[in-house]
Amino acid sequence: MGTVTHSLVHQFASMKPTEFGATIEPKWQVADRLVKEVRAAVEKQQLTPLDGARVISSIAATLFGYDEFILREISPETLLATPSKR
């Protein structure tokens, strides 16, 4: 039987301030290692800078529950394709 994981929104909303650091730190350590790998891949030209940024964004979204906190996604292409209203 698997472990039930509650929504990150519910976890963080009910969290005491003193619990925040201990909860974030393990995820931050993983994210830091992954971001270093992505940065190295961009420097070696294995990924484009845009692809590197997308991977880093995906890492953050996955580890920190971005999709739960921000309910809609706007891609760089969408922003570029949208005419500005100046």
# chains A, B, ... in the order shown; residues from 1 in each chain; ligands from 1
>>> residues_around(residues="Val42 of chain A", least_positions_apart="5", cutoff="9 Å", atoms="only C-alpha atoms", output="number ranges by chain")
A: 37, 47-49, 51-52
>>> write_last_selection(atoms="N, CA and C atoms", output="mmCIF file, in the first residue's frame")
data_model
loop_
_atom_site.group_PDB
_atom_site.id
_atom_site.type_symbol
_atom_site.label_atom_id
_atom_site.label_comp_id
_atom_site.auth_asym_id
_atom_site.auth_seq_id
_atom_site.Cartn_x
_atom_site.Cartn_y
_atom_site.Cartn_z
ATOM 1 N N GLU A 37 23.539 20.426 -13.004
ATOM 2 C CA GLU A 37 23.661 19.538 -14.171
ATOM 3 C C GLU A 37 23.148 20.222 -15.429
ATOM 4 N N LEU A 47 22.377 21.451 -24.411
ATOM 5 C CA LEU A 47 21.052 22.067 -24.360
ATOM 6 C C LEU A 47 21.198 23.520 -24.763
ATOM 7 N N THR A 48 20.170 24.075 -25.383
ATOM 8 C CA THR A 48 20.180 25.511 -25.648
ATOM 9 C C THR A 48 19.852 26.229 -24.335
ATOM 10 N N PRO A 49 20.198 27.493 -24.226
ATOM 11 C CA PRO A 49 19.819 28.228 -23.021
ATOM 12 C C PRO A 49 18.299 28.191 -22.768
ATOM 13 N N ASP A 51 16.161 25.817 -23.697
ATOM 14 C CA ASP A 51 15.828 24.484 -23.193
ATOM 15 C C ASP A 51 16.284 24.313 -21.751
ATOM 16 N N GLY A 52 17.455 24.853 -21.424
ATOM 17 C CA GLY A 52 17.945 24.792 -20.048
ATOM 18 C C GLY A 52 16.994 25.492 -19.087
#
>>> residues_around(residues="Pro26 of chain A", least_positions_apart="6", cutoff="12 Å", atoms="only C-alpha atoms", output="list in words")
Phe20, Asp32, Arg33, Leu63 and Phe64 of chain A
>>> residues_around(residues="Val55 of chain A", least_positions_apart="4", cutoff="9 Å", atoms="only C-alpha atoms", output="count of residues only")
6
